[in-house]
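Report on the structure given below.
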Amino acid sequence: MAFNRSTVIITGGNRGIGRQVALEFARATDHPLFLIARDREALTAVKNECREAGSAAVETAVCDLADADSIRSLDLPDSLPKPGVLVNNAGSFLLKKLEQTELGEFELQLAVDVLGPFQLIKKFLPRLKQQERGLIVQISSVGALTGQPRSGAYSSAKHAALGLSRSLRLELKDTKIAVTAINLGQTMSTSWEGIDVDPDELIDPADIGKLIVLLTRLSPRTVAEEITVRPQRGDRSPD
């Protein structure tokens, strides 16, 4: 099967960045979509949006990436072709100093941002390898590049997630699977709800969708190993 008709798996596909990634694939490609999130109602809404945007095939699944059993029970519907693209987008953001962070809160950051993507890679990588080519996109953060004084648990998890991406890239270098980590600066998403920041000064999540679609259009000879994306005016200080 041609890569450009393989299924795109998107975690956190019910809102924010994941929703915009799904919509861009629906508008601009022939890829079937498999959207994964915890909120069934929101998934259904995005599924309908994707169909209206032009996608011929969209399926959804409810899955909690912090729950290993939930991930184990997840599988690609029989109605969809084999996967060619995995977008590990779902994440958890905690705006809290480390000295105020509870152990359970720290563990949740690791579960969603590191262990969940690791388990999904383990689950779908064998099928990606069966395709003519494949792409794994890890939505990371500039918080993976330097410590963050107001979100230490989040930054710690993203450091680990970026290490996962970099190691996976090296492991798969001699295969047909490309691995790209996108280190995002402040992007308008549901993580910013309740925080006093002008959304027009943050990265437009639709641009991330366009970027990922572009990655799928690179030749198999080329990989963008790591991309850093920031707001044009730089970081905004949350109040």
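Simple scheme: letters A, B, ... for chains in structure tokens order, numbers from 1 for residues in each chain, numbers from 1 for ligands in the order shown.
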
Give the strand (DSSP E) residues of range 13-229 of chain A, as assigned by DSSP on the backbone, as a tab-separated table (two decimals) with C-alpha atoms, in the first residue's frame.
chain	number	residue	atom	x	y	z
A	33	LEU	CA	-7.19	8.99	10.40
A	34	PHE	CA	-7.25	7.17	13.73
A	35	LEU	CA	-7.81	9.63	16.58
A	36	ILE	CA	-7.09	8.64	20.18
A	37	ALA	CA	-8.09	10.52	23.34
A	58	VAL	CA	-11.85	8.61	10.27
A	59	GLU	CA	-12.08	6.30	13.27
A	60	THR	CA	-11.64	7.04	16.96
A	61	ALA	CA	-10.77	5.20	20.17
A	62	VAL	CA	-11.03	6.15	23.81
A	83	PRO	CA	-0.50	2.74	9.86
A	84	GLY	CA	2.21	4.78	8.19
A	85	VAL	CA	2.37	7.76	10.55
A	86	LEU	CA	2.25	7.92	14.35
A	87	VAL	CA	1.88	11.37	15.92
A	88	ASN	CA	2.51	11.18	19.67
A	134	GLY	CA	6.91	5.29	8.00
A	135	LEU	CA	7.10	8.39	10.18
A	136	ILE	CA	6.95	8.84	13.94
A	137	VAL	CA	6.41	12.41	15.12
A	138	GLN	CA	7.02	13.19	18.76
A	139	ILE	CA	5.46	16.46	19.92
A	140	SER	CA	8.05	17.69	22.38
A	141	SER	CA	8.69	21.08	23.93
A	177	ILE	CA	11.08	4.71	9.58
A	178	ALA	CA	11.86	8.40	10.10
A	179	VAL	CA	11.63	9.94	13.58
A	180	THR	CA	11.06	13.66	14.13
A	181	ALA	CA	10.84	15.52	17.42
A	182	ILE	CA	9.12	18.91	17.31
A	183	ASN	CA	10.15	21.10	20.23
A	184	LEU	CA	7.29	23.52	20.62
A	226	GLU	CA	14.51	17.82	15.40
A	227	ILE	CA	12.61	21.04	14.81
A	228	THR	CA	12.19	23.93	17.24
A	229	VAL	CA	9.16	26.17	16.78

Can you pull out every residue from chain A that DSSP, working from the backbone, puts in helix (DSSP H, G or I), and format the result as a compact mmCIF listing (two decimals) with N, CA and C atoms, in the first residue's frame?
# COMPACT_ATOMS: atom_id res chain seq x y z
N PHE A 3 2.38 4.81 0.84
CA PHE A 3 2.52 5.54 2.10
C PHE A 3 1.48 6.64 2.23
N ASN A 4 1.16 7.32 1.12
CA ASN A 4 0.25 8.46 1.20
C ASN A 4 -1.21 8.07 1.41
N ARG A 5 -1.47 6.76 1.50
CA ARG A 5 -2.82 6.29 1.83
C ARG A 5 -2.82 5.44 3.11
N GLY A 16 -7.17 21.00 20.75
CA GLY A 16 -5.89 21.67 20.66
C GLY A 16 -5.06 21.31 19.45
N ILE A 17 -3.79 21.02 19.70
CA ILE A 17 -2.86 20.71 18.61
C ILE A 17 -3.29 19.46 17.86
N GLY A 18 -3.69 18.41 18.57
CA GLY A 18 -4.10 17.17 17.92
C GLY A 18 -5.26 17.36 16.97
N ARG A 19 -6.24 18.15 17.39
CA ARG A 19 -7.39 18.44 16.53
C ARG A 19 -6.94 19.15 15.26
N GLN A 20 -6.05 20.11 15.38
CA GLN A 20 -5.59 20.85 14.21
C GLN A 20 -4.75 19.97 13.29
N VAL A 21 -3.96 19.08 13.86
CA VAL A 21 -3.20 18.14 13.04
C VAL A 21 -4.16 17.25 12.24
N ALA A 22 -5.19 16.75 12.90
CA ALA A 22 -6.17 15.90 12.22
C ALA A 22 -6.87 16.65 11.10
N LEU A 23 -7.28 17.88 11.36
CA LEU A 23 -7.99 18.66 10.36
C LEU A 23 -7.11 18.96 9.15
N GLU A 24 -5.84 19.23 9.40
CA GLU A 24 -4.94 19.51 8.28
C GLU A 24 -4.73 18.27 7.42
N PHE A 25 -4.58 17.11 8.03
CA PHE A 25 -4.48 15.88 7.25
C PHE A 25 -5.77 15.64 6.47
N ALA A 26 -6.91 15.92 7.09
CA ALA A 26 -8.20 15.74 6.41
C ALA A 26 -8.32 16.65 5.20
N ARG A 27 -7.87 17.88 5.35
CA ARG A 27 -8.00 18.86 4.26
C ARG A 27 -7.00 18.63 3.14
N ALA A 28 -5.79 18.20 3.50
CA ALA A 28 -4.69 18.28 2.54
C ALA A 28 -4.17 16.94 2.05
N ARG A 40 -14.74 10.75 24.67
CA ARG A 40 -15.45 10.17 23.53
C ARG A 40 -16.28 11.23 22.78
N GLU A 41 -16.95 12.08 23.53
CA GLU A 41 -17.81 13.08 22.90
C GLU A 41 -16.99 14.05 22.05
N ALA A 42 -15.86 14.50 22.59
CA ALA A 42 -15.01 15.42 21.84
C ALA A 42 -14.40 14.73 20.62
N LEU A 43 -14.03 13.46 20.76
CA LEU A 43 -13.51 12.70 19.62
C LEU A 43 -14.54 12.63 18.50
N THR A 44 -15.78 12.38 18.86
CA THR A 44 -16.85 12.30 17.85
C THR A 44 -17.01 13.62 17.12
N ALA A 45 -16.92 14.72 17.86
CA ALA A 45 -17.04 16.04 17.25
C ALA A 45 -15.92 16.28 16.25
N VAL A 46 -14.68 15.93 16.62
CA VAL A 46 -13.55 16.13 15.70
C VAL A 46 -13.65 15.18 14.52
N LYS A 47 -14.11 13.97 14.75
CA LYS A 47 -14.33 13.02 13.65
C LYS A 47 -15.26 13.63 12.61
N ASN A 48 -16.35 14.23 13.05
CA ASN A 48 -17.29 14.86 12.13
C ASN A 48 -16.66 16.04 11.42
N GLU A 49 -15.86 16.81 12.14
CA GLU A 49 -15.16 17.94 11.51
C GLU A 49 -14.22 17.46 10.42
N CYS A 50 -13.51 16.38 10.69
CA CYS A 50 -12.57 15.85 9.70
C CYS A 50 -13.30 15.35 8.46
N ARG A 51 -14.42 14.73 8.65
CA ARG A 51 -15.20 14.27 7.50
C ARG A 51 -15.68 15.46 6.66
N GLU A 52 -16.13 16.50 7.34
CA GLU A 52 -16.56 17.71 6.63
C GLU A 52 -15.40 18.37 5.91
N ALA A 53 -14.18 18.21 6.46
CA ALA A 53 -13.00 18.82 5.86
C ALA A 53 -12.47 18.03 4.67
N ALA A 68 -1.71 1.79 31.47
CA ALA A 68 -1.09 0.78 30.62
C ALA A 68 -2.11 -0.22 30.09
N ASP A 69 -3.10 -0.59 30.91
CA ASP A 69 -4.13 -1.53 30.46
C ASP A 69 -4.95 -0.93 29.33
N SER A 70 -5.24 0.36 29.42
CA SER A 70 -5.99 1.02 28.36
C SER A 70 -5.22 0.99 27.05
N ILE A 71 -3.92 1.20 27.11
CA ILE A 71 -3.10 1.16 25.91
C ILE A 71 -3.02 -0.26 25.36
N ARG A 72 -2.89 -1.25 26.24
CA ARG A 72 -2.81 -2.64 25.78
C ARG A 72 -4.07 -3.06 25.02
N LEU A 98 8.59 22.81 41.39
CA LEU A 98 8.89 21.46 41.84
C LEU A 98 8.67 21.29 43.34
N GLU A 99 9.03 22.27 44.13
CA GLU A 99 8.89 22.13 45.58
C GLU A 99 7.42 22.05 46.01
N GLN A 100 6.51 22.43 45.13
CA GLN A 100 5.08 22.36 45.42
C GLN A 100 4.42 21.15 44.74
N LEU A 103 4.07 13.88 44.41
CA LEU A 103 4.61 12.73 43.70
C LEU A 103 3.65 12.26 42.61
N GLY A 104 2.37 12.19 42.93
CA GLY A 104 1.39 11.74 41.94
C GLY A 104 1.33 12.64 40.73
N GLU A 105 1.50 13.93 40.94
CA GLU A 105 1.51 14.88 39.83
C GLU A 105 2.73 14.67 38.95
N PHE A 106 3.88 14.44 39.58
CA PHE A 106 5.10 14.17 38.82
C PHE A 106 4.96 12.88 38.02
N GLU A 107 4.41 11.86 38.66
CA GLU A 107 4.24 10.57 37.99
C GLU A 107 3.30 10.69 36.79
N LEU A 108 2.26 11.53 36.91
CA LEU A 108 1.34 11.71 35.79
C LEU A 108 2.03 12.35 34.61
N GLN A 109 2.91 13.32 34.85
CA GLN A 109 3.67 13.92 33.76
C GLN A 109 4.48 12.86 33.02
N LEU A 110 5.16 12.01 33.77
CA LEU A 110 5.96 10.96 33.15
C LEU A 110 5.09 9.94 32.41
N ALA A 111 3.96 9.60 32.99
CA ALA A 111 3.09 8.59 32.39
C ALA A 111 2.57 9.04 31.03
N VAL A 112 2.09 10.28 30.96
CA VAL A 112 1.47 10.76 29.73
C VAL A 112 2.51 11.16 28.69
N ASP A 113 3.59 11.80 29.12
CA ASP A 113 4.55 12.35 28.17
C ASP A 113 5.67 11.39 27.77
N VAL A 114 5.90 10.33 28.56
CA VAL A 114 7.00 9.41 28.27
C VAL A 114 6.52 7.97 28.14
N LEU A 115 5.91 7.44 29.18
CA LEU A 115 5.53 6.03 29.16
C LEU A 115 4.43 5.73 28.15
N GLY A 116 3.47 6.63 28.02
CA GLY A 116 2.41 6.43 27.03
C GLY A 116 2.95 6.37 25.61
N PRO A 117 3.71 7.39 25.17
CA PRO A 117 4.30 7.32 23.84
C PRO A 117 5.20 6.10 23.63
N PHE A 118 5.97 5.73 24.66
CA PHE A 118 6.83 4.55 24.55
C PHE A 118 5.99 3.31 24.26
N GLN A 119 4.88 3.14 24.97
CA GLN A 119 4.04 1.97 24.77
C GLN A 119 3.37 1.98 23.40
N LEU A 120 2.98 3.15 22.92
CA LEU A 120 2.36 3.23 21.60
C LEU A 120 3.39 2.90 20.50
N ILE A 121 4.60 3.38 20.68
CA ILE A 121 5.66 3.04 19.72
C ILE A 121 5.87 1.53 19.69
N LYS A 122 5.95 0.92 20.86
CA LYS A 122 6.12 -0.54 20.92
C LYS A 122 4.96 -1.27 20.23
N LYS A 123 3.75 -0.74 20.40
CA LYS A 123 2.57 -1.39 19.84
C LYS A 123 2.52 -1.29 18.31
N PHE A 124 2.83 -0.12 17.77
CA PHE A 124 2.61 0.11 16.34
C PHE A 124 3.87 0.02 15.48
N LEU A 125 5.05 0.03 16.08
CA LEU A 125 6.27 -0.02 15.28
C LEU A 125 6.36 -1.25 14.37
N PRO A 126 6.00 -2.45 14.83
CA PRO A 126 6.08 -3.60 13.91
C PRO A 126 5.26 -3.42 12.64
N ARG A 127 4.09 -2.76 12.78
CA ARG A 127 3.26 -2.54 11.58
C ARG A 127 3.80 -1.40 10.73
N LEU A 128 4.39 -0.40 11.36
CA LEU A 128 5.03 0.66 10.57
C LEU A 128 6.15 0.09 9.71
N VAL A 142 10.12 23.05 24.01
CA VAL A 142 11.38 23.73 24.33
C VAL A 142 11.73 23.49 25.80
N GLY A 143 10.74 23.05 26.59
CA GLY A 143 11.01 22.66 27.97
C GLY A 143 11.88 21.43 28.06
N ALA A 144 12.07 20.73 26.93
CA ALA A 144 12.98 19.58 26.89
C ALA A 144 14.42 20.01 26.67
N GLY A 152 8.66 22.43 36.51
CA GLY A 152 9.78 21.51 36.57
C GLY A 152 9.43 20.07 36.26
N ALA A 153 8.28 19.60 36.73
CA ALA A 153 7.88 18.22 36.45
C ALA A 153 7.62 18.04 34.95
N TYR A 154 6.95 19.01 34.36
CA TYR A 154 6.69 18.98 32.91
C TYR A 154 8.01 18.97 32.14
N SER A 155 8.92 19.87 32.51
CA SER A 155 10.22 19.95 31.83
C SER A 155 11.00 18.65 31.98
N SER A 156 10.97 18.07 33.17
CA SER A 156 11.66 16.80 33.40
C SER A 156 11.12 15.70 32.49
N ALA A 157 9.80 15.62 32.39
CA ALA A 157 9.18 14.61 31.54
C ALA A 157 9.53 14.84 30.08
N LYS A 158 9.53 16.10 29.65
CA LYS A 158 9.85 16.40 28.26
C LYS A 158 11.32 16.13 27.94
N HIS A 159 12.21 16.34 28.91
CA HIS A 159 13.61 15.94 28.71
C HIS A 159 13.69 14.43 28.43
N ALA A 160 12.96 13.66 29.21
CA ALA A 160 12.96 12.21 29.01
C ALA A 160 12.34 11.84 27.67
N ALA A 161 11.26 12.53 27.30
CA ALA A 161 10.59 12.24 26.03
C ALA A 161 11.50 12.56 24.85
N LEU A 162 12.27 13.63 24.96
CA LEU A 162 13.19 13.97 23.88
C LEU A 162 14.32 12.94 23.79
N GLY A 163 14.78 12.46 24.94
CA GLY A 163 15.77 11.39 24.93
C GLY A 163 15.23 10.14 24.26
N LEU A 164 13.96 9.83 24.50
CA LEU A 164 13.31 8.71 23.83
C LEU A 164 13.33 8.91 22.32
N SER A 165 12.97 10.11 21.87
CA SER A 165 12.93 10.40 20.43
C SER A 165 14.31 10.28 19.80
N ARG A 166 15.31 10.86 20.46
CA ARG A 166 16.66 10.83 19.90
C ARG A 166 17.21 9.42 19.83
N SER A 167 16.95 8.62 20.85
CA SER A 167 17.41 7.23 20.86
C SER A 167 16.70 6.41 19.80
N LEU A 168 15.39 6.63 19.68
CA LEU A 168 14.61 5.90 18.68
C LEU A 168 15.09 6.24 17.27
N ARG A 169 15.39 7.49 17.04
CA ARG A 169 15.90 7.91 15.73
C ARG A 169 17.17 7.12 15.39
N LEU A 170 18.09 6.99 16.35
CA LEU A 170 19.33 6.26 16.09
C LEU A 170 19.07 4.78 15.86
N GLU A 171 18.15 4.21 16.64
CA GLU A 171 17.83 2.78 16.47
C GLU A 171 17.25 2.49 15.09
N THR A 190 -5.34 23.87 24.84
CA THR A 190 -6.13 23.82 26.07
C THR A 190 -5.25 23.87 27.32
N SER A 191 -3.95 23.65 27.17
CA SER A 191 -3.05 23.76 28.33
C SER A 191 -3.03 25.17 28.90
N TRP A 192 -3.41 26.14 28.07
CA TRP A 192 -3.34 27.54 28.49
C TRP A 192 -4.67 28.05 29.05
N PRO A 199 -3.81 34.84 23.34
CA PRO A 199 -3.64 33.70 22.43
C PRO A 199 -3.04 34.09 21.08
N ASP A 200 -3.22 35.33 20.66
CA ASP A 200 -2.69 35.77 19.37
C ASP A 200 -1.17 35.94 19.40
N GLU A 201 -0.58 35.86 20.58
CA GLU A 201 0.87 35.96 20.70
C GLU A 201 1.54 34.59 20.83
N PRO A 205 -1.77 26.56 16.50
CA PRO A 205 -1.67 25.10 16.37
C PRO A 205 -1.93 24.60 14.96
N ALA A 206 -2.64 25.38 14.14
CA ALA A 206 -2.85 24.97 12.75
C ALA A 206 -1.52 24.90 11.99
N ASP A 207 -0.56 25.74 12.39
CA ASP A 207 0.75 25.70 11.75
C ASP A 207 1.48 24.39 12.04
N ILE A 208 1.21 23.82 13.21
CA ILE A 208 1.86 22.54 13.54
C ILE A 208 1.28 21.43 12.66
N GLY A 209 -0.01 21.49 12.41
CA GLY A 209 -0.62 20.54 11.48
C GLY A 209 0.00 20.63 10.10
N LYS A 210 0.18 21.85 9.60
CA LYS A 210 0.79 22.04 8.28
C LYS A 210 2.22 21.52 8.26
N LEU A 211 2.95 21.74 9.36
CA LEU A 211 4.33 21.28 9.44
C LEU A 211 4.42 19.76 9.38
N ILE A 212 3.53 19.08 10.10
CA ILE A 212 3.58 17.62 10.12
C ILE A 212 3.18 17.04 8.77
N VAL A 213 2.19 17.63 8.13
CA VAL A 213 1.84 17.19 6.77
C VAL A 213 3.05 17.36 5.85
N LEU A 214 3.75 18.47 5.98
CA LEU A 214 4.95 18.70 5.16
C LEU A 214 6.00 17.62 5.40
N LEU A 215 6.15 17.19 6.66
CA LEU A 215 7.13 16.14 6.97
C LEU A 215 6.82 14.84 6.21
N THR A 216 5.54 14.55 6.04
CA THR A 216 5.15 13.33 5.31
C THR A 216 5.46 13.44 3.82

* Select, from A:Glu132, A:Asp67, A:Glu102, A:Asp174, the residue with the minimum atom-to-atom distance to Lys82 in chain A, counting only C-alpha atoms. => A:Glu132

* Structure fact -> Expressed in Å, the length from CA of Pro149 in chain A to CA of Lys97 in chain A is 6.5 Å

* Extract, using only C-alpha atoms, all DNA, RNA and protein residues at most 9 Å from range 233-235 of chain A, discarding same-chain residues fewer than 5 positions from it, and format them as number ranges by chain. => A: 185-186, 201-202

* From the list A:Ser79, A:Lys96, A:Ser189, A:Leu172, which residue is nearest Glu225 in chain A when using only C-alpha atoms? -> A:Leu172
